[in-house]
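Colleague: final_32.pdb (PDB, N, CA and C atoms, pLDDT in the B column) pasted underneath:
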ATOM      1  N   MET A   1     -44.748 -89.854-127.990  1.00 47.00           N
ATOM      2  CA  MET A   1     -43.382 -89.644-127.585  1.00 47.00           C
ATOM      3  C   MET A   1     -43.367 -89.148-126.134  1.00 47.00           C
ATOM      4  N   PRO A   2     -42.550 -89.732-125.292  1.00 52.00           N
ATOM      5  CA  PRO A   2     -42.519 -89.293-123.893  1.00 52.00           C
ATOM      6  C   PRO A   2     -42.044 -87.852-123.776  1.00 52.00           C
ATOM      7  N   ALA A   3     -42.531 -87.198-122.753  1.00 53.00           N
ATOM      8  CA  ALA A   3     -42.197 -85.784-122.557  1.00 53.00           C
ATOM      9  C   ALA A   3     -40.710 -85.583-122.319  1.00 53.00           C
ATOM     10  N   ALA A   4     -40.063 -86.563-121.717  1.00 54.00           N
ATOM     11  CA  ALA A   4     -38.632 -86.422-121.424  1.00 54.00           C
ATOM     12  C   ALA A   4     -37.796 -86.456-122.701  1.00 54.00           C
ATOM     13  N   ALA A   5     -38.327 -87.090-123.761  1.00 55.00           N
ATOM     14  CA  ALA A   5     -37.566 -87.205-125.007  1.00 55.00           C
ATOM     15  C   ALA A   5     -37.642 -85.937-125.842  1.00 55.00           C
ATOM     16  N   VAL A   6     -38.624 -85.089-125.572  1.00 52.00           N
ATOM     17  CA  VAL A   6     -38.786 -83.859-126.335  1.00 52.00           C
ATOM     18  C   VAL A   6     -37.899 -82.786-125.718  1.00 52.00           C
ATOM     19  N   GLN A   7     -37.025 -82.256-126.525  1.00 53.00           N
ATOM     20  CA  GLN A   7     -36.155 -81.181-126.043  1.00 53.00           C
ATOM     21  C   GLN A   7     -36.505 -79.912-126.794  1.00 53.00           C
ATOM     22  N   ARG A   8     -36.889 -78.912-126.058  1.00 55.00           N
ATOM     23  CA  ARG A   8     -37.273 -77.650-126.660  1.00 55.00           C
ATOM     24  C   ARG A   8     -36.056 -76.746-126.746  1.00 55.00           C
ATOM     25  N   MET A   9     -35.803 -76.214-127.928  1.00 50.00           N
ATOM     26  CA  MET A   9     -34.673 -75.318-128.126  1.00 50.00           C
ATOM     27  C   MET A   9     -35.123 -73.883-127.916  1.00 50.00           C
ATOM     28  N   GLU A  10     -34.498 -73.190-127.016  1.00 55.00           N
ATOM     29  CA  GLU A  10     -34.754 -71.773-126.794  1.00 55.00           C
ATOM     30  C   GLU A  10     -33.672 -70.974-127.499  1.00 55.00           C
ATOM     31  N   PRO A  11     -33.943 -69.726-127.873  1.00 54.00           N
ATOM     32  CA  PRO A  11     -32.926 -68.930-128.563  1.00 54.00           C
ATOM     33  C   PRO A  11     -31.621 -68.819-127.775  1.00 54.00           C
ATOM     34  N   TRP A  12     -31.721 -68.726-126.458  1.00 52.00           N
ATOM     35  CA  TRP A  12     -30.511 -68.568-125.657  1.00 52.00           C
ATOM     36  C   TRP A  12     -29.773 -69.891-125.445  1.00 52.00           C
ATOM     37  N   ASP A  13     -30.415 -71.042-125.810  1.00 56.00           N
ATOM     38  CA  ASP A  13     -29.755 -72.330-125.703  1.00 56.00           C
ATOM     39  C   ASP A  13     -28.857 -72.612-126.904  1.00 56.00           C
ATOM     40  N   ALA A  14     -29.068 -71.920-127.980  1.00 57.00           N
ATOM     41  CA  ALA A  14     -28.284 -72.157-129.191  1.00 57.00           C
ATOM     42  C   ALA A  14     -26.840 -71.711-128.961  1.00 57.00           C
ATOM     43  N   ALA A  15     -25.962 -72.225-129.781  1.00 51.00           N
ATOM     44  CA  ALA A  15     -24.554 -71.828-129.672  1.00 51.00           C
ATOM     45  C   ALA A  15     -24.438 -70.339-129.965  1.00 51.00           C
ATOM     46  N   PRO A  16     -23.577 -69.629-129.241  1.00 60.00           N
ATOM     47  CA  PRO A  16     -23.443 -68.192-129.488  1.00 60.00           C
ATOM     48  C   PRO A  16     -22.900 -67.915-130.888  1.00 60.00           C
ATOM     49  N   ALA A  17     -23.338 -66.828-131.434  1.00 69.00           N
ATOM     50  CA  ALA A  17     -22.874 -66.422-132.769  1.00 69.00           C
ATOM     51  C   ALA A  17     -21.431 -65.930-132.665  1.00 69.00           C
ATOM     52  N   ALA A  18     -20.793 -65.846-133.793  1.00 85.00           N
ATOM     53  CA  ALA A  18     -19.385 -65.437-133.828  1.00 85.00           C
ATOM     54  C   ALA A  18     -19.229 -63.968-133.421  1.00 85.00           C
ATOM     55  N   TRP A  19     -18.298 -63.725-132.548  1.00 88.00           N
ATOM     56  CA  TRP A  19     -17.984 -62.363-132.103  1.00 88.00           C
ATOM     57  C   TRP A  19     -16.524 -62.118-132.360  1.00 88.00           C
ATOM     58  N   PRO A  20     -16.094 -60.998-132.849  1.00 89.00           N
ATOM     59  CA  PRO A  20     -16.853 -59.786-133.156  1.00 89.00           C
ATOM     60  C   PRO A  20     -17.535 -59.878-134.521  1.00 89.00           C
ATOM     61  N   VAL A  21     -18.627 -59.148-134.638  1.00 92.00           N
ATOM     62  CA  VAL A  21     -19.372 -59.127-135.890  1.00 92.00           C
ATOM     63  C   VAL A  21     -18.833 -58.007-136.777  1.00 92.00           C
ATOM     64  N   ASP A  22     -19.193 -58.058-138.039  1.00 93.00           N
ATOM     65  CA  ASP A  22     -18.753 -57.006-138.952  1.00 93.00           C
ATOM     66  C   ASP A  22     -19.627 -55.767-138.778  1.00 93.00           C
ATOM     67  N   ARG A  23     -19.157 -54.649-139.329  1.00 94.00           N
ATOM     68  CA  ARG A  23     -19.836 -53.374-139.163  1.00 94.00           C
ATOM     69  C   ARG A  23     -21.276 -53.385-139.671  1.00 94.00           C
ATOM     70  N   PRO A  24     -21.563 -53.891-140.894  1.00 93.00           N
ATOM     71  CA  PRO A  24     -22.954 -53.866-141.359  1.00 93.00           C
ATOM     72  C   PRO A  24     -23.914 -54.652-140.465  1.00 93.00           C
ATOM     73  N   SER A  25     -23.434 -55.756-139.906  1.00 92.00           N
ATOM     74  CA  SER A  25     -24.300 -56.560-139.031  1.00 92.00           C
ATOM     75  C   SER A  25     -24.620 -55.816-137.740  1.00 92.00           C
ATOM     76  N   LEU A  26     -23.605 -55.202-137.134  1.00 93.00           N
ATOM     77  CA  LEU A  26     -23.841 -54.462-135.900  1.00 93.00           C
ATOM     78  C   LEU A  26     -24.710 -53.236-136.162  1.00 93.00           C
ATOM     79  N   ALA A  27     -24.498 -52.572-137.281  1.00 92.00           N
ATOM     80  CA  ALA A  27     -25.320 -51.412-137.631  1.00 92.00           C
ATOM     81  C   ALA A  27     -26.779 -51.823-137.833  1.00 92.00           C
ATOM     82  N   ALA A  28     -27.003 -52.984-138.450  1.00 91.00           N
ATOM     83  CA  ALA A  28     -28.370 -53.460-138.670  1.00 91.00           C
ATOM     84  C   ALA A  28     -29.058 -53.755-137.345  1.00 91.00           C
ATOM     85  N   LEU A  29     -28.340 -54.350-136.400  1.00 91.00           N
ATOM     86  CA  LEU A  29     -28.926 -54.630-135.093  1.00 91.00           C
ATOM     87  C   LEU A  29     -29.284 -53.345-134.364  1.00 91.00           C
ATOM     88  N   LYS A  30     -28.417 -52.331-134.467  1.00 90.00           N
ATOM     89  CA  LYS A  30     -28.719 -51.050-133.828  1.00 90.00           C
ATOM     90  C   LYS A  30     -29.895 -50.356-134.521  1.00 90.00           C
ATOM     91  N   ASP A  31     -29.975 -50.467-135.853  1.00 88.00           N
ATOM     92  CA  ASP A  31     -31.094 -49.869-136.596  1.00 88.00           C
ATOM     93  C   ASP A  31     -32.420 -50.522-136.223  1.00 88.00           C
ATOM     94  N   LEU A  32     -32.367 -51.786-135.845  1.00 88.00           N
ATOM     95  CA  LEU A  32     -33.581 -52.477-135.404  1.00 88.00           C
ATOM     96  C   LEU A  32     -34.012 -52.037-134.016  1.00 88.00           C
ATOM     97  N   GLY A  33     -33.154 -51.273-133.349  1.00 87.00           N
ATOM     98  CA  GLY A  33     -33.515 -50.732-132.043  1.00 87.00           C
ATOM     99  C   GLY A  33     -32.986 -51.533-130.870  1.00 87.00           C
ATOM    100  N   LEU A  34     -32.082 -52.495-131.099  1.00 90.00           N
ATOM    101  CA  LEU A  34     -31.527 -53.274-130.008  1.00 90.00           C
ATOM    102  C   LEU A  34     -30.519 -52.441-129.230  1.00 90.00           C
ATOM    103  N   SER A  35     -30.564 -52.568-127.922  1.00 90.00           N
ATOM    104  CA  SER A  35     -29.611 -51.852-127.075  1.00 90.00           C
ATOM    105  C   SER A  35     -28.302 -52.635-127.031  1.00 90.00           C
ATOM    106  N   ASP A  36     -27.278 -51.994-126.488  1.00 92.00           N
ATOM    107  CA  ASP A  36     -25.998 -52.693-126.332  1.00 92.00           C
ATOM    108  C   ASP A  36     -26.158 -53.911-125.438  1.00 92.00           C
ATOM    109  N   ALA A  37     -26.996 -53.796-124.412  1.00 92.00           N
ATOM    110  CA  ALA A  37     -27.218 -54.919-123.496  1.00 92.00           C
ATOM    111  C   ALA A  37     -27.881 -56.092-124.213  1.00 92.00           C
ATOM    112  N   GLN A  38     -28.850 -55.812-125.088  1.00 91.00           N
ATOM    113  CA  GLN A  38     -29.517 -56.880-125.826  1.00 91.00           C
ATOM    114  C   GLN A  38     -28.563 -57.557-126.803  1.00 91.00           C
ATOM    115  N   VAL A  39     -27.745 -56.769-127.491  1.00 91.00           N
ATOM    116  CA  VAL A  39     -26.767 -57.330-128.423  1.00 91.00           C
ATOM    117  C   VAL A  39     -25.757 -58.177-127.647  1.00 91.00           C
ATOM    118  N   ALA A  40     -25.311 -57.671-126.488  1.00 91.00           N
ATOM    119  CA  ALA A  40     -24.355 -58.411-125.667  1.00 91.00           C
ATOM    120  C   ALA A  40     -24.944 -59.723-125.181  1.00 91.00           C
ATOM    121  N   GLY A  41     -26.202 -59.712-124.810  1.00 90.00           N
ATOM    122  CA  GLY A  41     -26.856 -60.936-124.363  1.00 90.00           C
ATOM    123  C   GLY A  41     -26.947 -61.973-125.463  1.00 90.00           C
ATOM    124  N   TYR A  42     -27.213 -61.544-126.666  1.00 88.00           N
ATOM    125  CA  TYR A  42     -27.313 -62.471-127.787  1.00 88.00           C
ATOM    126  C   TYR A  42     -25.961 -63.120-128.094  1.00 88.00           C
ATOM    127  N   PHE A  43     -24.920 -62.304-128.109  1.00 90.00           N
ATOM    128  CA  PHE A  43     -23.591 -62.821-128.456  1.00 90.00           C
ATOM    129  C   PHE A  43     -22.828 -63.363-127.246  1.00 90.00           C
ATOM    130  N   ARG A  44     -23.414 -63.240-126.057  1.00 89.00           N
ATOM    131  CA  ARG A  44     -22.806 -63.705-124.817  1.00 89.00           C
ATOM    132  C   ARG A  44     -21.449 -63.056-124.568  1.00 89.00           C
ATOM    133  N   VAL A  45     -21.446 -61.745-124.689  1.00 92.00           N
ATOM    134  CA  VAL A  45     -20.257 -60.945-124.389  1.00 92.00           C
ATOM    135  C   VAL A  45     -20.672 -59.852-123.419  1.00 92.00           C
ATOM    136  N   ARG A  46     -19.711 -59.123-122.907  1.00 93.00           N
ATOM    137  CA  ARG A  46     -20.023 -58.022-122.000  1.00 93.00           C
ATOM    138  C   ARG A  46     -20.557 -56.823-122.785  1.00 93.00           C
ATOM    139  N   GLN A  47     -21.364 -56.032-122.114  1.00 93.00           N
ATOM    140  CA  GLN A  47     -21.970 -54.860-122.746  1.00 93.00           C
ATOM    141  C   GLN A  47     -20.908 -53.847-123.161  1.00 93.00           C
ATOM    142  N   ASP A  48     -19.846 -53.703-122.388  1.00 94.00           N
ATOM    143  CA  ASP A  48     -18.814 -52.740-122.749  1.00 94.00           C
ATOM    144  C   ASP A  48     -18.053 -53.176-124.002  1.00 94.00           C
ATOM    145  N   GLU A  49     -17.998 -54.490-124.287  1.00 94.00           N
ATOM    146  CA  GLU A  49     -17.375 -54.958-125.522  1.00 94.00           C
ATOM    147  C   GLU A  49     -18.185 -54.511-126.738  1.00 94.00           C
ATOM    148  N   VAL A  50     -19.500 -54.581-126.602  1.00 93.00           N
ATOM    149  CA  VAL A  50     -20.377 -54.131-127.690  1.00 93.00           C
ATOM    150  C   VAL A  50     -20.210 -52.631-127.890  1.00 93.00           C
ATOM    151  N   ALA A  51     -20.173 -51.889-126.798  1.00 94.00           N
ATOM    152  CA  ALA A  51     -20.027 -50.436-126.881  1.00 94.00           C
ATOM    153  C   ALA A  51     -18.696 -50.047-127.521  1.00 94.00           C
ATOM    154  N   MET A  52     -17.614 -50.759-127.152  1.00 94.00           N
ATOM    155  CA  MET A  52     -16.301 -50.445-127.731  1.00 94.00           C
ATOM    156  C   MET A  52     -16.274 -50.754-129.227  1.00 94.00           C
ATOM    157  N   LEU A  53     -16.856 -51.887-129.624  1.00 94.00           N
ATOM    158  CA  LEU A  53     -16.870 -52.239-131.040  1.00 94.00           C
ATOM    159  C   LEU A  53     -17.727 -51.256-131.833  1.00 94.00           C
ATOM    160  N   ARG A  54     -18.888 -50.885-131.257  1.00 94.00           N
ATOM    161  CA  ARG A  54     -19.781 -49.931-131.922  1.00 94.00           C
ATOM    162  C   ARG A  54     -19.068 -48.592-132.112  1.00 94.00           C
ATOM    163  N   THR A  55     -18.349 -48.151-131.094  1.00 93.00           N
ATOM    164  CA  THR A  55     -17.610 -46.893-131.175  1.00 93.00           C
ATOM    165  C   THR A  55     -16.491 -46.976-132.211  1.00 93.00           C
ATOM    166  N   SER A  56     -15.784 -48.100-132.242  1.00 94.00           N
ATOM    167  CA  SER A  56     -14.685 -48.232-133.212  1.00 94.00           C
ATOM    168  C   SER A  56     -15.207 -48.278-134.646  1.00 94.00           C
ATOM    169  N   TYR A  57     -16.417 -48.799-134.836  1.00 93.00           N
ATOM    170  CA  TYR A  57     -17.027 -48.818-136.166  1.00 93.00           C
ATOM    171  C   TYR A  57     -17.654 -47.473-136.527  1.00 93.00           C
ATOM    172  N   GLY A  58     -17.812 -46.577-135.548  1.00 92.00           N
ATOM    173  CA  GLY A  58     -18.421 -45.275-135.807  1.00 92.00           C
ATOM    174  C   GLY A  58     -19.935 -45.342-135.910  1.00 92.00           C
ATOM    175  N   ILE A  59     -20.543 -46.267-135.184  1.00 91.00           N
ATOM    176  CA  ILE A  59     -22.003 -46.423-135.198  1.00 91.00           C
ATOM    177  C   ILE A  59     -22.561 -45.661-134.006  1.00 91.00           C
ATOM    178  N   ALA A  60     -23.541 -44.818-134.254  1.00 84.00           N
ATOM    179  CA  ALA A  60     -24.134 -44.001-133.192  1.00 84.00           C
ATOM    180  C   ALA A  60     -24.906 -44.878-132.216  1.00 84.00           C
ATOM    181  N   ASP A  61     -24.908 -44.458-130.949  1.00 79.00           N
ATOM    182  CA  ASP A  61     -25.637 -45.199-129.924  1.00 79.00           C
ATOM    183  C   ASP A  61     -27.141 -45.058-130.121  1.00 79.00           C
ATOM    184  N   LYS A  62     -27.567 -43.877-130.464  1.00 68.00           N
ATOM    185  CA  LYS A  62     -28.989 -43.611-130.712  1.00 68.00           C
ATOM    186  C   LYS A  62     -29.222 -43.565-132.213  1.00 68.00           C
ATOM    187  N   PRO A  63     -30.374 -44.033-132.679  1.00 57.00           N
ATOM    188  CA  PRO A  63     -30.643 -43.925-134.118  1.00 57.00           C
ATOM    189  C   PRO A  63     -30.691 -42.465-134.563  1.00 57.00           C
ATOM    190  N   VAL A  64     -30.146 -42.184-135.699  1.00 54.00           N
ATOM    191  CA  VAL A  64     -30.121 -40.832-136.240  1.00 54.00           C
ATOM    192  C   VAL A  64     -31.405 -40.610-137.035  1.00 54.00           C
ATOM    193  N   PRO A  65     -32.130 -39.510-136.773  1.00 58.00           N
ATOM    194  CA  PRO A  65     -33.346 -39.267-137.540  1.00 58.00           C
ATOM    195  C   PRO A  65     -33.039 -39.067-139.023  1.00 58.00           C
ATOM    196  N   LEU A  66     -33.989 -39.424-139.854  1.00 58.00           N
ATOM    197  CA  LEU A  66     -33.789 -39.297-141.290  1.00 58.00           C
ATOM    198  C   LEU A  66     -33.617 -37.856-141.712  1.00 58.00           C
ATOM    199  N   SER A  67     -34.296 -36.956-141.039  1.00 62.00           N
ATOM    200  CA  SER A  67     -34.195 -35.546-141.368  1.00 62.00           C
ATOM    201  C   SER A  67     -33.883 -34.770-140.104  1.00 62.00           C
ATOM    202  N   SER A  68     -32.899 -33.910-140.176  1.00 61.00           N
ATOM    203  CA  SER A  68     -32.575 -33.109-139.004  1.00 61.00           C
ATOM    204  C   SER A  68     -33.396 -31.824-138.949  1.00 61.00           C
ATOM    205  N   ALA A  69     -34.159 -31.561-139.992  1.00 61.00           N
ATOM    206  CA  ALA A  69     -34.989 -30.360-140.023  1.00 61.00           C
ATOM    207  C   ALA A  69     -36.201 -30.550-139.108  1.00 61.00           C
ATOM    208  N   PRO A  70     -36.630 -29.494-138.430  1.00 64.00           N
ATOM    209  CA  PRO A  70     -37.819 -29.624-137.588  1.00 64.00           C
ATOM    210  C   PRO A  70     -39.053 -29.870-138.453  1.00 64.00           C
ATOM    211  N   PRO A  71     -40.075 -30.507-137.891  1.00 64.00           N
ATOM    212  CA  PRO A  71     -41.276 -30.762-138.684  1.00 64.00           C
ATOM    213  C   PRO A  71     -41.941 -29.457-139.101  1.00 64.00           C
ATOM    214  N   ARG A  72     -42.474 -29.439-140.299  1.00 67.00           N
ATOM    215  CA  ARG A  72     -43.128 -28.224-140.798  1.00 67.00           C
ATOM    216  C   ARG A  72     -44.515 -28.106-140.204  1.00 67.00           C
ATOM    217  N   ARG A  73     -44.909 -26.856-139.986  1.00 68.00           N
ATOM    218  CA  ARG A  73     -46.265 -26.614-139.484  1.00 68.00           C
ATOM    219  C   ARG A  73     -47.238 -26.690-140.636  1.00 68.00           C
ATOM    220  N   ARG A  74     -48.367 -27.265-140.382  1.00 66.00           N
ATOM    221  CA  ARG A  74     -49.395 -27.329-141.421  1.00 66.00           C
ATOM    222  C   ARG A  74     -50.080 -25.992-141.550  1.00 66.00           C
ATOM    223  N   ARG A  75     -50.301 -25.597-142.755  1.00 65.00           N
ATOM    224  CA  ARG A  75     -51.055 -24.364-143.002  1.00 65.00           C
ATOM    225  C   ARG A  75     -52.351 -24.749-143.686  1.00 65.00           C
ATOM    226  N   PHE A  76     -53.400 -24.192-143.178  1.00 61.00           N
ATOM    227  CA  PHE A  76     -54.713 -24.512-143.737  1.00 61.00           C
ATOM    228  C   PHE A  76     -55.051 -23.577-144.885  1.00 61.00           C
ATOM    229  N   ALA A  77     -55.774 -24.089-145.836  1.00 60.00           N
ATOM    230  CA  ALA A  77     -56.134 -23.310-147.017  1.00 60.00           C
ATOM    231  C   ALA A  77     -57.233 -22.288-146.726  1.00 60.00           C
ATOM    232  N   TRP A  78     -58.002 -22.520-145.704  1.00 63.00           N
ATOM    233  CA  TRP A  78     -59.103 -21.601-145.409  1.00 63.00           C
ATOM    234  C   TRP A  78     -58.627 -20.494-144.479  1.00 63.00           C
ATOM    235  N   ARG A  79     -59.277 -19.358-144.571  1.00 62.00           N
ATOM    236  CA  ARG A  79     -59.000 -18.227-143.714  1.00 62.00           C
ATOM    237  C   ARG A  79     -60.312 -17.743-143.119  1.00 62.00           C
ATOM    238  N   ARG A  80     -60.199 -17.112-141.993  1.00 64.00           N
ATOM    239  CA  ARG A  80     -61.402 -16.535-141.376  1.00 64.00           C
ATOM    240  C   ARG A  80     -61.791 -15.280-142.103  1.00 64.00           C
ATOM    241  N   ARG A  81     -63.040 -15.139-142.290  1.00 64.00           N
ATOM    242  CA  ARG A  81     -63.546 -13.875-142.881  1.00 64.00           C
ATOM    243  C   ARG A  81     -64.107 -13.031-141.767  1.00 64.00           C
ATOM    244  N   GLY A  82     -63.803 -11.762-141.848  1.00 57.00           N
ATOM    245  CA  GLY A  82     -64.163 -10.850-140.781  1.00 57.00           C
ATOM    246  C   GLY A  82     -65.464 -10.206-140.846  1.00 57.00           C
TER     247      GLY A  82
END
Mind turning the file's structure into structure tokens?

Modeller:
Amino acid sequence: MPAAAVQRMEPWDAAPAAWPVDRPSLAALKDLGLSDAQVAGYFRVRQDEVAMLRTSYGIADKPVPLSSAPPRRRRFAWRRRG
């Protein structure tokens, strides 16, 4: 097959996905660690549109840690003998 007949599809060449997305979809993208700029690039919208939608859905910009408690210090079972 001639090289000119082969068309390579890149992710950014595909048709843009539907915007605006629903809350669970946007939350999943943020949980995966995508920034607003990356999400905006995928959907071909402005970054501030992503930020406004994320804010209206109540999705945090930064991932929330699973536990807000500080990490516990390890205590060793052995003690020094004097």

Colleague: Expressed in Å to a single decimal, how great is the separation between atom N of A:Val21 and atom CA of A:Glu49?

Modeller: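 Interatomic distance here is 10.1 Å.
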
Colleague: In Å to one decimal, how far is atom CA of A:Ala60 from atom CA of A:Ala18?

Modeller: 22.0 Å

Colleague: Using only C-alpha atoms, collect all residues at a distance of at most 12 Å from (-20.0, -57.2, -135.2) as written in the file, then present them as a PyMOL selection string.

Modeller: chain A and resi 17-30+36+39-40+42-43+45+49-57+59

Colleague: Could you write out that same residue set with N, CA and C atoms as an mmCIF file, keeping the file's coordinate frame?

Modeller:
data_model
loop_
_atom_site.group_PDB
_atom_site.id
_atom_site.type_symbol
_atom_site.label_atom_id
_atom_site.label_comp_id
_atom_site.auth_asym_id
_atom_site.auth_seq_id
_atom_site.Cartn_x
_atom_site.Cartn_y
_atom_site.Cartn_z
ATOM 1 N N ALA A 17 -23.338 -66.828 -131.434
ATOM 2 C CA ALA A 17 -22.874 -66.422 -132.769
ATOM 3 C C ALA A 17 -21.431 -65.930 -132.665
ATOM 4 N N ALA A 18 -20.793 -65.846 -133.793
ATOM 5 C CA ALA A 18 -19.385 -65.437 -133.828
ATOM 6 C C ALA A 18 -19.229 -63.968 -133.421
ATOM 7 N N TRP A 19 -18.298 -63.725 -132.548
ATOM 8 C CA TRP A 19 -17.984 -62.363 -132.103
ATOM 9 C C TRP A 19 -16.524 -62.118 -132.360
ATOM 10 N N PRO A 20 -16.094 -60.998 -132.849
ATOM 11 C CA PRO A 20 -16.853 -59.786 -133.156
ATOM 12 C C PRO A 20 -17.535 -59.878 -134.521
ATOM 13 N N VAL A 21 -18.627 -59.148 -134.638
ATOM 14 C CA VAL A 21 -19.372 -59.127 -135.890
ATOM 15 C C VAL A 21 -18.833 -58.007 -136.777
ATOM 16 N N ASP A 22 -19.193 -58.058 -138.039
ATOM 17 C CA ASP A 22 -18.753 -57.006 -138.952
ATOM 18 C C ASP A 22 -19.627 -55.767 -138.778
ATOM 19 N N ARG A 23 -19.157 -54.649 -139.329
ATOM 20 C CA ARG A 23 -19.836 -53.374 -139.163
ATOM 21 C C ARG A 23 -21.276 -53.385 -139.671
ATOM 22 N N PRO A 24 -21.563 -53.891 -140.894
ATOM 23 C CA PRO A 24 -22.954 -53.866 -141.359
ATOM 24 C C PRO A 24 -23.914 -54.652 -140.465
ATOM 25 N N SER A 25 -23.434 -55.756 -139.906
ATOM 26 C CA SER A 25 -24.300 -56.560 -139.031
ATOM 27 C C SER A 25 -24.620 -55.816 -137.740
ATOM 28 N N LEU A 26 -23.605 -55.202 -137.134
ATOM 29 C CA LEU A 26 -23.841 -54.462 -135.900
ATOM 30 C C LEU A 26 -24.710 -53.236 -136.162
ATOM 31 N N ALA A 27 -24.498 -52.572 -137.281
ATOM 32 C CA ALA A 27 -25.320 -51.412 -137.631
ATOM 33 C C ALA A 27 -26.779 -51.823 -137.833
ATOM 34 N N ALA A 28 -27.003 -52.984 -138.450
ATOM 35 C CA ALA A 28 -28.370 -53.460 -138.670
ATOM 36 C C ALA A 28 -29.058 -53.755 -137.345
ATOM 37 N N LEU A 29 -28.340 -54.350 -136.400
ATOM 38 C CA LEU A 29 -28.926 -54.630 -135.093
ATOM 39 C C LEU A 29 -29.284 -53.345 -134.364
ATOM 40 N N LYS A 30 -28.417 -52.331 -134.467
ATOM 41 C CA LYS A 30 -28.719 -51.050 -133.828
ATOM 42 C C LYS A 30 -29.895 -50.356 -134.521
ATOM 43 N N ASP A 36 -27.278 -51.994 -126.488
ATOM 44 C CA ASP A 36 -25.998 -52.693 -126.332
ATOM 45 C C ASP A 36 -26.158 -53.911 -125.438
ATOM 46 N N VAL A 39 -27.745 -56.769 -127.491
ATOM 47 C CA VAL A 39 -26.767 -57.330 -128.423
ATOM 48 C C VAL A 39 -25.757 -58.177 -127.647
ATOM 49 N N ALA A 40 -25.311 -57.671 -126.488
ATOM 50 C CA ALA A 40 -24.355 -58.411 -125.667
ATOM 51 C C ALA A 40 -24.944 -59.723 -125.181
ATOM 52 N N TYR A 42 -27.213 -61.544 -126.666
ATOM 53 C CA TYR A 42 -27.313 -62.471 -127.787
ATOM 54 C C TYR A 42 -25.961 -63.120 -128.094
ATOM 55 N N PHE A 43 -24.920 -62.304 -128.109
ATOM 56 C CA PHE A 43 -23.591 -62.821 -128.456
ATOM 57 C C PHE A 43 -22.828 -63.363 -127.246
ATOM 58 N N VAL A 45 -21.446 -61.745 -124.689
ATOM 59 C CA VAL A 45 -20.257 -60.945 -124.389
ATOM 60 C C VAL A 45 -20.672 -59.852 -123.419
ATOM 61 N N GLU A 49 -17.998 -54.490 -124.287
ATOM 62 C CA GLU A 49 -17.375 -54.958 -125.522
ATOM 63 C C GLU A 49 -18.185 -54.511 -126.738
ATOM 64 N N VAL A 50 -19.500 -54.581 -126.602
ATOM 65 C CA VAL A 50 -20.377 -54.131 -127.690
ATOM 66 C C VAL A 50 -20.210 -52.631 -127.890
ATOM 67 N N ALA A 51 -20.173 -51.889 -126.798
ATOM 68 C CA ALA A 51 -20.027 -50.436 -126.881
ATOM 69 C C ALA A 51 -18.696 -50.047 -127.521
ATOM 70 N N MET A 52 -17.614 -50.759 -127.152
ATOM 71 C CA MET A 52 -16.301 -50.445 -127.731
ATOM 72 C C MET A 52 -16.274 -50.754 -129.227
ATOM 73 N N LEU A 53 -16.856 -51.887 -129.624
ATOM 74 C CA LEU A 53 -16.870 -52.239 -131.040
ATOM 75 C C LEU A 53 -17.727 -51.256 -131.833
ATOM 76 N N ARG A 54 -18.888 -50.885 -131.257
ATOM 77 C CA ARG A 54 -19.781 -49.931 -131.922
ATOM 78 C C ARG A 54 -19.068 -48.592 -132.112
ATOM 79 N N THR A 55 -18.349 -48.151 -131.094
ATOM 80 C CA THR A 55 -17.610 -46.893 -131.175
ATOM 81 C C THR A 55 -16.491 -46.976 -132.211
ATOM 82 N N SER A 56 -15.784 -48.100 -132.242
ATOM 83 C CA SER A 56 -14.685 -48.232 -133.212
ATOM 84 C C SER A 56 -15.207 -48.278 -134.646
ATOM 85 N N TYR A 57 -16.417 -48.799 -134.836
ATOM 86 C CA TYR A 57 -17.027 -48.818 -136.166
ATOM 87 C C TYR A 57 -17.654 -47.473 -136.527
ATOM 88 N N ILE A 59 -20.543 -46.267 -135.184
ATOM 89 C CA ILE A 59 -22.003 -46.423 -135.198
ATOM 90 C C ILE A 59 -22.561 -45.661 -134.006
#

Colleague: Stretch 24-32 of chain A from the block above, N, CA and C atoms, as a short mmCIF file (atom, residue, chain, number, x, y, z; two decimals), in the first residue's frame, please?

Modeller:
data_model
loop_
_atom_site.label_atom_id
_atom_site.label_comp_id
_atom_site.auth_asym_id
_atom_site.auth_seq_id
_atom_site.Cartn_x
_atom_site.Cartn_y
_atom_site.Cartn_z
N PRO A 24 -19.74 13.12 37.01
CA PRO A 24 -18.88 11.95 37.25
C PRO A 24 -17.71 11.84 36.27
N SER A 25 -17.95 12.22 35.02
CA SER A 25 -16.87 12.14 34.02
C SER A 25 -15.77 13.14 34.33
N LEU A 26 -16.14 14.37 34.66
CA LEU A 26 -15.14 15.38 34.97
C LEU A 26 -14.40 15.02 36.26
N ALA A 27 -15.11 14.50 37.24
CA ALA A 27 -14.47 14.08 38.49
C ALA A 27 -13.47 12.95 38.24
N ALA A 28 -13.82 12.02 37.35
CA ALA A 28 -12.91 10.91 37.04
C ALA A 28 -11.65 11.42 36.36
N LEU A 29 -11.78 12.38 35.46
CA LEU A 29 -10.60 12.95 34.80
C LEU A 29 -9.70 13.66 35.80
N LYS A 30 -10.30 14.38 36.75
CA LYS A 30 -9.50 15.05 37.77
C LYS A 30 -8.84 14.04 38.71
N ASP A 31 -9.55 12.95 39.04
CA ASP A 31 -8.98 11.91 39.90
C ASP A 31 -7.80 11.22 39.22
N LEU A 32 -7.82 11.17 37.91
CA LEU A 32 -6.69 10.59 37.17
C LEU A 32 -5.49 11.51 37.16
#
